[in-house]
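Below: my_file_11.txt (compact mmCIF, C-alpha atoms and all ligand atoms)
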```txt
# COMPACT_ATOMS: atom_id res chain seq x y z
CA MET A 1 -12.57 -33.18 -63.59
CA SER A 2 -12.48 -30.23 -61.19
CA LEU A 3 -9.16 -29.79 -59.40
CA LYS A 4 -10.82 -28.32 -56.29
CA ILE A 5 -9.79 -30.68 -53.49
CA SER A 6 -12.05 -32.21 -50.86
CA ARG A 7 -11.63 -35.04 -48.34
CA GLN A 8 -13.93 -37.25 -50.48
CA ASP A 9 -11.23 -37.18 -53.16
CA PHE A 10 -9.13 -39.37 -50.88
CA ASP A 11 -11.80 -42.08 -50.86
CA ARG A 12 -12.28 -41.75 -54.60
CA PHE A 13 -8.70 -41.72 -55.81
CA MET A 14 -6.32 -43.18 -53.27
CA ILE A 15 -5.47 -46.84 -52.71
CA PRO A 16 -7.26 -47.19 -49.37
CA VAL A 17 -4.40 -48.19 -47.03
CA TYR A 18 -5.15 -45.22 -44.75
CA ASN A 19 -8.27 -43.81 -43.18
CA PRO A 20 -7.22 -40.20 -42.64
CA ALA A 21 -9.09 -37.68 -40.49
CA LYS A 22 -12.10 -35.98 -41.98
CA PHE A 23 -10.31 -32.64 -42.35
CA ILE A 24 -7.41 -31.74 -44.62
CA PRO A 25 -4.58 -29.80 -42.98
CA THR A 26 -3.35 -27.00 -45.23
CA HIS A 27 -0.75 -25.11 -43.20
CA ALA A 28 0.91 -25.11 -39.81
CA LYS A 29 3.27 -23.22 -37.54
CA GLY A 30 5.02 -24.55 -34.44
CA SER A 31 2.52 -27.02 -32.94
CA ILE A 32 -0.62 -25.47 -34.46
CA VAL A 33 -2.18 -26.83 -37.66
CA TRP A 34 -4.97 -25.22 -39.72
CA ASP A 35 -7.38 -27.01 -42.04
CA GLN A 36 -9.16 -25.99 -45.26
CA ASP A 37 -11.87 -24.20 -43.26
CA GLY A 38 -9.41 -22.24 -41.13
CA GLN A 39 -10.12 -24.39 -38.04
CA ASP A 40 -7.03 -24.69 -35.82
CA TYR A 41 -5.73 -27.82 -34.06
CA ILE A 42 -3.05 -28.30 -31.43
CA ASP A 43 -0.72 -30.93 -32.82
CA PHE A 44 0.27 -33.62 -30.30
CA THR A 45 1.28 -36.00 -33.13
CA GLY A 46 4.36 -34.21 -34.47
CA GLY A 47 3.63 -35.92 -37.81
CA ILE A 48 4.06 -39.28 -35.99
CA ALA A 49 7.24 -38.36 -34.12
CA VAL A 50 8.77 -36.58 -37.10
CA ASN A 51 8.36 -32.78 -36.86
CA VAL A 52 10.78 -32.63 -33.99
CA LEU A 53 11.16 -28.83 -34.16
CA GLY A 54 7.51 -28.15 -35.00
CA HIS A 55 6.03 -27.04 -38.30
CA ALA A 56 7.56 -24.39 -40.54
CA HIS A 57 10.64 -23.79 -38.41
CA PRO A 58 12.15 -20.62 -39.92
CA ILE A 59 15.73 -21.90 -39.88
CA LEU A 60 14.74 -25.21 -41.52
CA GLN A 61 12.83 -23.21 -44.15
CA GLN A 62 15.94 -21.16 -44.78
CA THR A 63 18.04 -24.35 -44.97
CA ILE A 64 15.75 -25.82 -47.63
CA GLN A 65 15.86 -22.62 -49.65
CA GLU A 66 19.63 -22.31 -49.45
CA GLN A 67 20.28 -25.95 -50.29
CA THR A 68 17.78 -26.08 -53.18
CA SER A 69 19.47 -23.04 -54.66
CA LYS A 70 22.77 -24.98 -54.61
CA LEU A 71 22.23 -28.74 -55.13
CA TRP A 72 19.29 -30.94 -54.16
CA HIS A 73 20.04 -34.26 -55.89
CA ILE A 74 23.17 -35.61 -57.52
CA GLY A 75 23.09 -39.43 -57.24
CA ASN A 76 25.50 -41.75 -55.48
CA SER A 77 28.12 -41.66 -58.22
CA TYR A 78 29.16 -38.53 -56.33
CA THR A 79 29.20 -37.69 -52.67
CA ASN A 80 28.19 -34.28 -51.29
CA GLU A 81 29.08 -31.88 -48.51
CA PRO A 82 25.82 -31.79 -46.50
CA ILE A 83 25.56 -35.56 -46.14
CA LEU A 84 29.19 -35.88 -45.08
CA ARG A 85 28.63 -33.11 -42.54
CA LEU A 86 25.63 -35.01 -41.16
CA ALA A 87 27.64 -38.26 -41.05
CA LYS A 88 30.31 -36.50 -38.97
CA GLN A 89 27.70 -35.05 -36.59
CA LEU A 90 26.09 -38.48 -36.04
CA ILE A 91 29.47 -40.12 -35.50
CA ASN A 92 30.60 -37.40 -33.09
CA ALA A 93 27.40 -37.77 -31.07
CA THR A 94 27.10 -41.59 -30.87
CA PHE A 95 28.91 -44.93 -30.54
CA ALA A 96 29.13 -45.26 -34.31
CA ASP A 97 31.99 -44.71 -36.72
CA LYS A 98 30.23 -45.53 -40.02
CA VAL A 99 26.87 -44.43 -41.46
CA PHE A 100 24.63 -45.41 -44.38
CA PHE A 101 21.86 -43.06 -45.49
CA CYS A 102 18.47 -43.97 -46.95
CA ASN A 103 15.01 -42.38 -47.05
CA SER A 104 12.86 -44.01 -44.38
CA GLY A 105 12.77 -46.10 -41.25
CA ALA A 106 11.85 -49.32 -43.02
CA GLU A 107 14.77 -48.94 -45.40
CA ALA A 108 17.12 -48.32 -42.48
CA ASN A 109 15.95 -51.51 -40.73
CA GLU A 110 16.09 -53.46 -43.99
CA THR A 111 19.70 -52.31 -44.38
CA ALA A 112 20.53 -53.16 -40.76
CA MET A 113 19.24 -56.71 -41.13
CA LYS A 114 20.98 -57.17 -44.49
CA LEU A 115 24.20 -55.99 -42.88
CA ALA A 116 23.77 -58.46 -40.02
CA ARG A 117 23.06 -61.30 -42.46
CA LYS A 118 26.13 -60.42 -44.52
CA VAL A 119 28.42 -60.29 -41.48
CA ALA A 120 27.12 -63.70 -40.40
CA LEU A 121 27.45 -65.22 -43.87
CA ASP A 122 30.94 -63.86 -44.45
CA VAL A 123 32.31 -64.74 -41.03
CA PHE A 124 30.32 -67.77 -39.80
CA GLY A 125 28.61 -69.36 -42.81
CA LYS A 126 25.04 -69.80 -43.99
CA ASP A 127 23.56 -71.50 -40.91
CA LYS A 128 23.88 -68.33 -38.85
CA SER A 129 20.86 -66.64 -40.39
CA ASN A 130 18.22 -66.37 -37.66
CA ILE A 131 16.92 -62.98 -36.58
CA LEU A 132 15.18 -62.55 -33.25
CA SER A 133 12.59 -59.82 -32.92
CA PHE A 134 9.70 -59.32 -30.50
CA ASN A 135 5.94 -59.57 -30.40
CA ASN A 136 4.19 -56.25 -31.03
CA ALA A 137 7.34 -54.72 -32.49
CA PHE A 138 7.07 -52.45 -35.49
CA HIS A 139 10.02 -52.18 -37.86
CA GLY A 140 8.45 -51.00 -41.13
CA ARG A 141 6.48 -52.22 -44.13
CA THR A 142 9.01 -53.81 -46.48
CA PHE A 143 8.74 -57.60 -46.66
CA PHE A 144 11.73 -58.23 -44.41
CA THR A 145 10.93 -55.51 -41.85
CA MET A 146 7.22 -56.36 -41.80
CA THR A 147 8.11 -59.99 -41.05
CA ALA A 148 10.46 -58.86 -38.29
CA GLY A 149 7.63 -56.77 -36.86
CA GLY A 150 5.62 -58.61 -34.28
CA LYS A 151 2.05 -57.98 -35.46
CA SER A 152 0.55 -60.60 -37.72
CA ASP A 153 -2.21 -58.09 -38.59
CA TYR A 154 0.35 -56.34 -40.74
CA SER A 155 2.03 -59.41 -42.27
CA LYS A 156 -0.63 -62.12 -42.61
CA HIS A 157 -1.99 -60.63 -45.85
CA PHE A 158 1.28 -61.17 -47.65
CA GLU A 159 2.30 -64.72 -46.81
CA PRO A 160 4.50 -66.63 -47.43
CA LEU A 161 6.87 -64.50 -45.38
CA PRO A 162 10.66 -64.58 -45.30
CA LYS A 163 11.76 -67.42 -43.00
CA GLU A 164 14.30 -67.51 -40.19
CA ILE A 165 12.76 -64.72 -38.13
CA GLN A 166 11.64 -65.68 -34.61
CA HIS A 167 9.52 -63.62 -32.25
CA GLY A 168 10.14 -63.51 -28.52
CA SER A 169 8.12 -61.84 -25.78
CA PHE A 170 9.15 -58.23 -25.26
CA ASN A 171 10.67 -57.54 -21.84
CA ASP A 172 10.83 -61.28 -21.11
CA MET A 173 14.42 -62.35 -20.53
CA GLN A 174 13.58 -66.04 -20.37
CA SER A 175 11.98 -65.91 -23.80
CA ALA A 176 15.14 -64.35 -25.23
CA VAL A 177 17.33 -66.94 -23.52
CA GLN A 178 15.26 -69.70 -25.12
CA LEU A 179 15.34 -68.24 -28.62
CA ILE A 180 18.91 -66.96 -29.04
CA ASN A 181 21.51 -69.53 -30.04
CA LYS A 182 24.58 -69.98 -32.22
CA ASN A 183 22.45 -69.66 -35.38
CA THR A 184 21.17 -66.22 -34.39
CA CYS A 185 22.80 -63.51 -36.48
CA ALA A 186 20.89 -60.55 -35.05
CA VAL A 187 18.42 -59.36 -32.45
CA ILE A 188 16.33 -56.34 -33.43
CA VAL A 189 14.49 -54.41 -30.75
CA GLU A 190 12.88 -51.01 -30.15
CA PRO A 191 14.13 -49.57 -26.84
CA VAL A 192 10.62 -48.18 -26.51
CA GLN A 193 7.97 -50.02 -28.50
CA GLY A 194 6.09 -47.20 -30.21
CA GLU A 195 3.36 -48.50 -32.51
CA GLY A 196 3.05 -51.55 -30.25
CA GLY A 197 1.58 -49.46 -27.42
CA VAL A 198 4.34 -47.15 -26.07
CA ILE A 199 6.09 -49.73 -23.91
CA PRO A 200 9.58 -48.89 -22.65
CA ALA A 201 11.99 -51.81 -22.48
CA LYS A 202 13.22 -52.71 -19.02
CA VAL A 203 16.88 -51.87 -18.47
CA ALA A 204 17.61 -55.44 -17.39
CA PHE A 205 15.97 -56.80 -20.57
CA LEU A 206 18.17 -54.75 -22.91
CA LYS A 207 21.25 -55.60 -20.81
CA LYS A 208 20.37 -59.29 -21.09
CA LEU A 209 20.00 -58.98 -24.87
CA ARG A 210 23.44 -57.37 -25.02
CA GLU A 211 24.90 -60.19 -22.93
CA LEU A 212 23.24 -62.90 -25.06
CA CYS A 213 24.34 -61.26 -28.32
CA ASP A 214 27.92 -61.15 -27.05
CA LYS A 215 27.74 -64.78 -25.98
CA TYR A 216 26.44 -66.03 -29.34
CA ASP A 217 28.20 -63.59 -31.73
CA ALA A 218 24.90 -62.04 -32.76
CA LEU A 219 24.50 -58.35 -33.58
CA LEU A 220 22.25 -56.21 -31.44
CA ILE A 221 20.17 -53.81 -33.56
CA PHE A 222 18.35 -50.96 -31.82
CA ASP A 223 15.49 -49.63 -33.90
CA GLU A 224 15.45 -46.00 -32.78
CA ILE A 225 13.30 -44.79 -35.65
CA GLN A 226 10.69 -43.51 -33.20
CA SER A 227 12.70 -43.19 -29.98
CA GLY A 228 15.67 -41.35 -31.53
CA VAL A 229 16.73 -37.73 -32.00
CA GLY A 230 15.89 -36.58 -28.49
CA ARG A 231 12.39 -37.98 -28.17
CA THR A 232 13.00 -39.94 -24.98
CA GLY A 233 15.03 -37.18 -23.34
CA SER A 234 18.40 -38.47 -24.56
CA LEU A 235 19.70 -38.02 -28.10
CA TYR A 236 19.19 -41.77 -28.52
CA ALA A 237 17.44 -44.01 -26.04
CA TYR A 238 20.46 -46.36 -25.83
CA MET A 239 22.21 -43.55 -23.96
CA TYR A 240 19.48 -43.54 -21.32
CA TYR A 241 19.61 -47.35 -21.03
CA GLY A 242 23.40 -47.53 -20.97
CA VAL A 243 23.37 -50.40 -23.47
CA ILE A 244 25.35 -49.93 -26.68
CA PRO A 245 23.99 -51.68 -29.77
CA ASP A 246 26.10 -52.88 -32.72
CA ILE A 247 23.76 -51.23 -35.20
CA LEU A 248 21.31 -48.37 -34.63
CA THR A 249 18.64 -47.23 -37.06
CA THR A 250 17.29 -43.69 -37.06
CA ALA A 251 14.84 -41.84 -39.32
CA LYS A 252 11.60 -39.89 -38.65
CA ALA A 253 12.76 -36.88 -36.59
CA LEU A 254 16.23 -36.83 -38.12
CA GLY A 255 14.99 -34.82 -41.12
CA GLY A 256 12.64 -32.63 -39.07
CA GLY A 257 9.91 -33.53 -41.60
CA PHE A 258 12.02 -34.26 -44.66
CA PRO A 259 12.43 -37.98 -45.48
CA ILE A 260 15.72 -39.47 -44.35
CA GLY A 261 16.88 -42.66 -42.67
CA ALA A 262 20.28 -43.73 -41.41
CA VAL A 263 22.05 -46.83 -40.19
CA LEU A 264 24.84 -46.31 -37.66
CA THR A 265 27.41 -48.97 -36.89
CA LYS A 266 31.04 -49.76 -36.19
CA GLU A 267 33.76 -49.94 -38.83
CA LYS A 268 34.56 -53.62 -38.19
CA LEU A 269 30.99 -54.49 -39.27
CA ALA A 270 30.58 -51.86 -41.97
CA ILE A 271 33.49 -53.22 -43.98
CA VAL A 272 31.42 -56.23 -45.13
CA MET A 273 29.20 -53.89 -47.14
CA THR A 274 31.52 -53.52 -50.08
CA VAL A 275 30.84 -51.48 -53.21
CA GLY A 276 27.68 -52.66 -54.96
CA THR A 277 26.28 -54.76 -52.09
CA HIS A 278 23.62 -52.18 -51.19
CA GLY A 279 22.42 -48.76 -52.25
CA SER A 280 19.62 -46.26 -52.77
CA THR A 281 19.00 -43.67 -55.50
CA TYR A 282 17.85 -40.92 -53.17
CA GLY A 283 19.60 -42.07 -50.00
CA GLY A 284 22.20 -39.54 -48.91
CA ASN A 285 20.92 -36.71 -51.10
CA PRO A 286 22.23 -33.23 -50.26
CA LEU A 287 18.83 -31.76 -49.36
CA ALA A 288 18.11 -34.46 -46.76
CA GLY A 289 21.69 -34.10 -45.54
CA ALA A 290 21.37 -30.34 -45.09
CA LEU A 291 18.14 -30.70 -43.15
CA GLY A 292 19.37 -33.55 -40.94
CA SER A 293 22.51 -31.62 -40.21
CA LYS A 294 20.54 -28.48 -39.29
CA VAL A 295 18.11 -30.46 -37.12
CA LEU A 296 21.00 -31.90 -35.08
CA GLU A 297 22.66 -28.49 -34.87
CA LEU A 298 19.46 -26.78 -33.66
CA ILE A 299 18.66 -29.51 -31.15
CA LYS A 300 22.05 -28.92 -29.58
CA LYS A 301 22.18 -25.13 -29.89
CA ASP A 302 18.64 -24.54 -28.60
CA LYS A 303 19.04 -27.11 -25.81
CA ILE A 304 15.93 -28.90 -27.05
CA ILE A 305 16.65 -32.20 -25.29
CA GLU A 306 17.03 -30.39 -21.98
CA GLY A 307 13.37 -29.32 -22.26
CA VAL A 308 11.91 -32.77 -22.89
CA ALA A 309 11.65 -33.88 -19.24
CA GLU A 310 9.58 -30.86 -18.14
CA ARG A 311 7.27 -31.20 -21.15
CA HIS A 312 6.79 -34.85 -20.24
CA VAL A 313 5.74 -33.78 -16.74
CA TRP A 314 3.34 -31.09 -18.05
CA ILE A 315 1.60 -33.56 -20.36
CA VAL A 316 1.44 -36.37 -17.82
CA GLU A 317 0.07 -34.02 -15.14
CA HIS A 318 -2.71 -32.95 -17.50
CA LEU A 319 -3.49 -36.57 -18.38
CA LYS A 320 -3.62 -37.49 -14.69
CA LYS A 321 -6.03 -34.63 -14.03
CA ILE A 322 -8.23 -35.75 -16.95
CA ASN A 323 -8.12 -39.27 -15.57
CA LYS A 324 -9.16 -38.06 -12.13
CA ASP A 325 -12.24 -36.48 -13.70
CA PHE A 326 -13.19 -39.28 -16.07
CA ASN A 327 -11.37 -42.46 -15.00
CA ILE A 328 -10.53 -43.45 -18.57
CA PHE A 329 -6.92 -44.62 -18.32
CA LYS A 330 -5.42 -47.49 -16.39
CA GLU A 331 -1.85 -46.37 -17.00
CA ILE A 332 0.09 -43.45 -18.42
CA ARG A 333 3.47 -44.63 -19.62
CA GLY A 334 6.38 -43.83 -21.88
CA LEU A 335 9.62 -41.89 -21.87
CA GLY A 336 10.14 -38.20 -22.63
CA LEU A 337 7.75 -37.08 -25.35
CA LEU A 338 6.72 -40.58 -26.37
CA ILE A 339 3.73 -40.97 -24.09
CA GLY A 340 0.92 -43.51 -24.10
CA ALA A 341 -2.36 -43.30 -22.16
CA VAL A 342 -3.67 -46.86 -21.84
CA LEU A 343 -7.47 -47.18 -21.73
CA ASN A 344 -8.94 -49.11 -18.85
CA GLU A 345 -11.03 -52.24 -19.44
CA ASP A 346 -14.35 -50.34 -19.68
CA PHE A 347 -13.12 -48.58 -22.81
CA LYS A 348 -11.39 -51.48 -24.53
CA ASN A 349 -10.68 -51.00 -28.26
CA GLN A 350 -11.86 -47.39 -28.23
CA ALA A 351 -8.63 -45.46 -28.65
CA ASN A 352 -9.53 -44.51 -32.18
CA ASN A 353 -12.93 -43.15 -31.13
CA ILE A 354 -11.12 -40.82 -28.73
CA ASN A 355 -8.71 -39.89 -31.50
CA ILE A 356 -11.59 -38.92 -33.81
CA LEU A 357 -13.36 -36.94 -31.08
CA ALA A 358 -10.12 -35.17 -30.20
CA SER A 359 -9.86 -33.73 -33.68
CA GLU A 360 -13.48 -32.57 -33.47
CA PHE A 361 -12.43 -30.59 -30.38
CA GLY A 362 -9.36 -29.12 -32.09
CA VAL A 363 -6.51 -31.36 -30.95
CA MET A 364 -4.56 -33.99 -32.89
CA VAL A 365 -3.47 -37.17 -31.09
CA LEU A 366 -2.39 -40.64 -32.25
CA VAL A 367 -3.23 -44.16 -31.30
CA ALA A 368 -0.80 -47.01 -30.68
CA GLY A 369 -2.98 -50.06 -31.18
CA PRO A 370 -6.65 -50.24 -30.17
CA ASN A 371 -6.17 -49.38 -26.49
CA VAL A 372 -3.55 -46.65 -26.30
CA VAL A 373 -3.83 -42.94 -27.07
CA ARG A 374 -0.36 -41.76 -28.06
CA PHE A 375 1.28 -38.32 -27.78
CA THR A 376 4.44 -37.57 -29.79
CA PRO A 377 4.49 -33.78 -30.09
CA ALA A 378 7.30 -31.59 -31.36
CA LEU A 379 10.06 -31.47 -28.75
CA ASN A 380 9.82 -27.67 -28.64
CA ILE A 381 6.04 -27.54 -28.12
CA SER A 382 5.30 -24.59 -25.81
CA LYS A 383 3.64 -24.75 -22.40
CA LYS A 384 0.80 -22.63 -23.81
CA GLU A 385 0.26 -25.05 -26.69
CA ILE A 386 0.25 -27.99 -24.27
CA GLU A 387 -2.27 -26.27 -22.00
CA LEU A 388 -4.63 -25.34 -24.80
CA GLY A 389 -4.31 -28.80 -26.39
CA MET A 390 -5.00 -30.52 -23.08
CA GLN A 391 -8.04 -28.32 -22.39
CA ARG A 392 -9.40 -29.44 -25.74
CA PHE A 393 -8.44 -33.07 -25.09
CA ALA A 394 -10.26 -32.92 -21.74
CA LYS A 395 -13.40 -31.72 -23.55
CA ALA A 396 -13.07 -34.58 -26.04
CA CYS A 397 -12.79 -37.05 -23.12
CA ALA A 398 -15.86 -35.51 -21.44
CA SER A 399 -17.84 -35.90 -24.66
CA PHE A 400 -16.56 -39.48 -25.05
CA ILE A 401 -17.81 -40.38 -21.57
CA GLN A 402 -21.16 -38.62 -22.04
CA ASN A 403 -21.93 -40.24 -25.36
CA ARG A 404 -20.77 -43.78 -24.84
C1 LIG B 501 10.13 -48.16 -34.46
C2 LIG B 501 9.84 -47.96 -35.91
N1 LIG B 501 10.57 -48.60 -36.82
C3 LIG B 501 10.35 -48.44 -38.14
C4 LIG B 501 9.35 -47.63 -38.61
C5 LIG B 501 9.12 -47.49 -40.08
O1 LIG B 501 9.51 -46.23 -40.50
P1 LIG B 501 9.01 -45.67 -41.93
O2 LIG B 501 7.54 -45.52 -41.85
O3 LIG B 501 9.76 -44.37 -42.07
O4 LIG B 501 9.44 -46.67 -42.95
C6 LIG B 501 8.54 -46.95 -37.68
C7 LIG B 501 7.44 -46.10 -38.14
O5 LIG B 501 6.49 -45.82 -37.43
C8 LIG B 501 8.79 -47.12 -36.30
O6 LIG B 501 8.05 -46.49 -35.37
```

Turn the structure described in the file into structure tokens.
Amino acid sequence: MSLKISRQDFDRFMIPVYNPAKFIPTHAKGSIVWDQDGQDYIDFTGGIAVNVLGHAHPILQQTIQEQTSKLWHIGNSYTNEPILRLAKQLINATFADKVFFCNSGAEANETAMKLARKVALDVFGKDKSNILSFNNAFHGRTFFTMTAGGKSDYSKHFEPLPKEIQHGSFNDMQSAVQLINKNTCAVIVEPVQGEGGVIPAKVAFLKKLRELCDKYDALLIFDEIQSGVGRTGSLYAYMYYGVIPDILTTAKALGGGFPIGAVLTKEKLAIVMTVGTHGSTYGGNPLAGALGSKVLELIKKDKIIEGVAERHVWIVEHLKKINKDFNIFKEIRGLGLLIGAVLNEDFKNQANNINILASEFGVMVLVAGPNVVRFTPALNISKKEIELGMQRFAKACASFIQNR
């Protein structure tokens, strides 16, 4: 078999859980990606809210080289300097005083819910086992996190599902009031629903969840896998909302492109997770630690979060202009650089068609469900890159309108 690679190889050899774009990216710099044919694309996806400092950041490259020349995996029979440094940085910057490291968002949420269950079991007994999550939420693809997610499209194929997870209506305080009770051990919520359509929570909704959790001794888990590490214009979205969770999960952008996940919490809760109750072979490895630590350092040093608000405005202004010309969107919503353009009724279910056309015009975007085009670029994307990307996106929208 020839080892020359083409896009058809994906269809031939890969278990078909994805339907990737028709081109294969081969290299990238900042927010520009090149494919096998040398065609360039402006990247408004940021690797799905991951490449927070863009592609091939020279200091992150240097960090990988330095750390791989020292120690890149050692196993959890030993601890290591980079991961402890990252733990200190996260603790210094947030409400938390204890951290657990893993490799992905789903694992972080799985850990958070296990922690909540263990606290409830140890302190209150086995009846306090219910977890409240919300319709349209996305928390990952493990059995537990997929069940907590609020899209049956993702979970119905794998029934029977773990029990004792209820789903309320997002942003609906009454629904939460009805579903939380003394048997609730945790409420898990995304401060901004990402995959579910880029829907920011209302401040009053998160405040109400905090109040209800306090009333019923339930733990409030904020899933900040997508909204964290500066994306919404605050280091974590809970800071913007002024609502402090008991447990926060973070992943994606934390490694700047290298897999890492983390669970942040308070000592009084963390103590239930005694030696042997949970773990991960790769979680907390020194290479991930070094990268996470450097990402946080660079975000602070280069004042990356301070630039998010103006980039939000640049992108939204372009989208509004495109909408003026083509009347495609009924709403442009989101926080910081987590932006969703919601298609109006005439273009129902066509977000992916726009996504495909966009790449034909040299710009990479995402969808968030069938009706929302999503933008999650690197937080340091330049004004020039935004302008060029939006010119191309406007052309894709023009072609979409002409050919429908
Ligand atoms: C809010 C949220 N939680 C959890 C996850 C799952 O993260 P991972 O794919 O790293 O397991 C995602 C991924 O998109 C997410 O957006």

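Every protein, DNA or RNA residue with an atom at most 9 Å from Glu190 (chain A), where only C-alpha atoms count and chain neighbours fewer than 6 positions away do not, is listed here: A:Phe134, A:Ala137, A:Phe138, A:His139, A:Pro200, A:Ala201, A:Ile221, A:Phe222, A:Asp223, A:Glu224, A:Ile225, A:Gln226, A:Ser227.
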
Grab me every residue within 9 Å of ligand LIG 501 (chain B), counting all atoms listed in the file, and send it over as a compact mmCIF listing (two decimals) with C-alpha atoms, in the coordinates of the input.
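That gives us out33.txt:
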```txt
# COMPACT_ATOMS: atom_id res chain seq x y z
CA ILE A 48 4.06 -39.28 -35.99
CA ALA A 49 7.24 -38.36 -34.12
CA ASN A 103 15.01 -42.38 -47.05
CA SER A 104 12.86 -44.01 -44.38
CA GLY A 105 12.77 -46.10 -41.25
CA ALA A 106 11.85 -49.32 -43.02
CA GLU A 107 14.77 -48.94 -45.40
CA ALA A 108 17.12 -48.32 -42.48
CA ASN A 109 15.95 -51.51 -40.73
CA ALA A 137 7.34 -54.72 -32.49
CA PHE A 138 7.07 -52.45 -35.49
CA HIS A 139 10.02 -52.18 -37.86
CA GLY A 140 8.45 -51.00 -41.13
CA ARG A 141 6.48 -52.22 -44.13
CA THR A 142 9.01 -53.81 -46.48
CA THR A 145 10.93 -55.51 -41.85
CA GLY A 149 7.63 -56.77 -36.86
CA VAL A 189 14.49 -54.41 -30.75
CA GLU A 190 12.88 -51.01 -30.15
CA PRO A 191 14.13 -49.57 -26.84
CA VAL A 192 10.62 -48.18 -26.51
CA GLN A 193 7.97 -50.02 -28.50
CA GLY A 194 6.09 -47.20 -30.21
CA GLU A 195 3.36 -48.50 -32.51
CA GLY A 196 3.05 -51.55 -30.25
CA ASP A 223 15.49 -49.63 -33.90
CA GLU A 224 15.45 -46.00 -32.78
CA ILE A 225 13.30 -44.79 -35.65
CA GLN A 226 10.69 -43.51 -33.20
CA SER A 227 12.70 -43.19 -29.98
CA THR A 249 18.64 -47.23 -37.06
CA THR A 250 17.29 -43.69 -37.06
CA ALA A 251 14.84 -41.84 -39.32
CA LYS A 252 11.60 -39.89 -38.65
CA PRO A 259 12.43 -37.98 -45.48
CA ILE A 260 15.72 -39.47 -44.35
CA GLY A 261 16.88 -42.66 -42.67
```

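Going from CA of Pro58 (chain A) to CA of Gly283 (chain A) covers 24.8 Å.
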
**Q.** Pick from A:Ala87, A:Met14, A:Val295, A:Ala96 nearest to Gln61 (chain A), counting all atoms listed in the file
**A.** A:Val295

Q: Around the point (27.9, -62.7, -39.2) in the file's coordinates, collect all residues with an atom within 10 Å, using all atoms listed in the file, and return them as a PyMOL selection string.
A: chain A and resi 115-129+183-186+217-219+269+272

Dump as a PDB file, keeping the file's coordinate frame, selection limited to C-alpha atoms:
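Written file, out-v1.pdb:
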```
ATOM      1  CA  LEU A 115      24.200 -55.990 -42.880  1.00  0.00           C
ATOM      2  CA  ALA A 116      23.770 -58.460 -40.020  1.00  0.00           C
ATOM      3  CA  ARG A 117      23.060 -61.300 -42.460  1.00  0.00           C
ATOM      4  CA  LYS A 118      26.130 -60.420 -44.520  1.00  0.00           C
ATOM      5  CA  VAL A 119      28.420 -60.290 -41.480  1.00  0.00           C
ATOM      6  CA  ALA A 120      27.120 -63.700 -40.400  1.00  0.00           C
ATOM      7  CA  LEU A 121      27.450 -65.220 -43.870  1.00  0.00           C
ATOM      8  CA  ASP A 122      30.940 -63.860 -44.450  1.00  0.00           C
ATOM      9  CA  VAL A 123      32.310 -64.740 -41.030  1.00  0.00           C
ATOM     10  CA  PHE A 124      30.320 -67.770 -39.800  1.00  0.00           C
ATOM     11  CA  GLY A 125      28.610 -69.360 -42.810  1.00  0.00           C
ATOM     12  CA  LYS A 126      25.040 -69.800 -43.990  1.00  0.00           C
ATOM     13  CA  ASP A 127      23.560 -71.500 -40.910  1.00  0.00           C
ATOM     14  CA  LYS A 128      23.880 -68.330 -38.850  1.00  0.00           C
ATOM     15  CA  SER A 129      20.860 -66.640 -40.390  1.00  0.00           C
ATOM     16  CA  ASN A 183      22.450 -69.660 -35.380  1.00  0.00           C
ATOM     17  CA  THR A 184      21.170 -66.220 -34.390  1.00  0.00           C
ATOM     18  CA  CYS A 185      22.800 -63.510 -36.480  1.00  0.00           C
ATOM     19  CA  ALA A 186      20.890 -60.550 -35.050  1.00  0.00           C
ATOM     20  CA  ASP A 217      28.200 -63.590 -31.730  1.00  0.00           C
ATOM     21  CA  ALA A 218      24.900 -62.040 -32.760  1.00  0.00           C
ATOM     22  CA  LEU A 219      24.500 -58.350 -33.580  1.00  0.00           C
ATOM     23  CA  LEU A 269      30.990 -54.490 -39.270  1.00  0.00           C
ATOM     24  CA  VAL A 272      31.420 -56.230 -45.130  1.00  0.00           C
TER      25      VAL A 272
END
```

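Straight-line separation from CA of Glu267 (chain A) to CA of Asp97 (chain A): 5.9 Å.
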
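Rounded to one decimal, CA of Arg7 (chain A) and CA of Ile401 (chain A) lie 28.0 Å from each other.
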
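In this comparison, which uses all atoms listed in the file, the residue of A:Gln8, A:Gln402, A:Asn380, A:Thr68 approaching Asp43 (chain A) most closely is A:Asn380.
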
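You can rank A:Asp214, A:Asp35, A:Glu159, A:Asp153 by their closest distance to Glu360 (chain A) using all atoms listed in the file, and at the top of that list sits A:Asp35.
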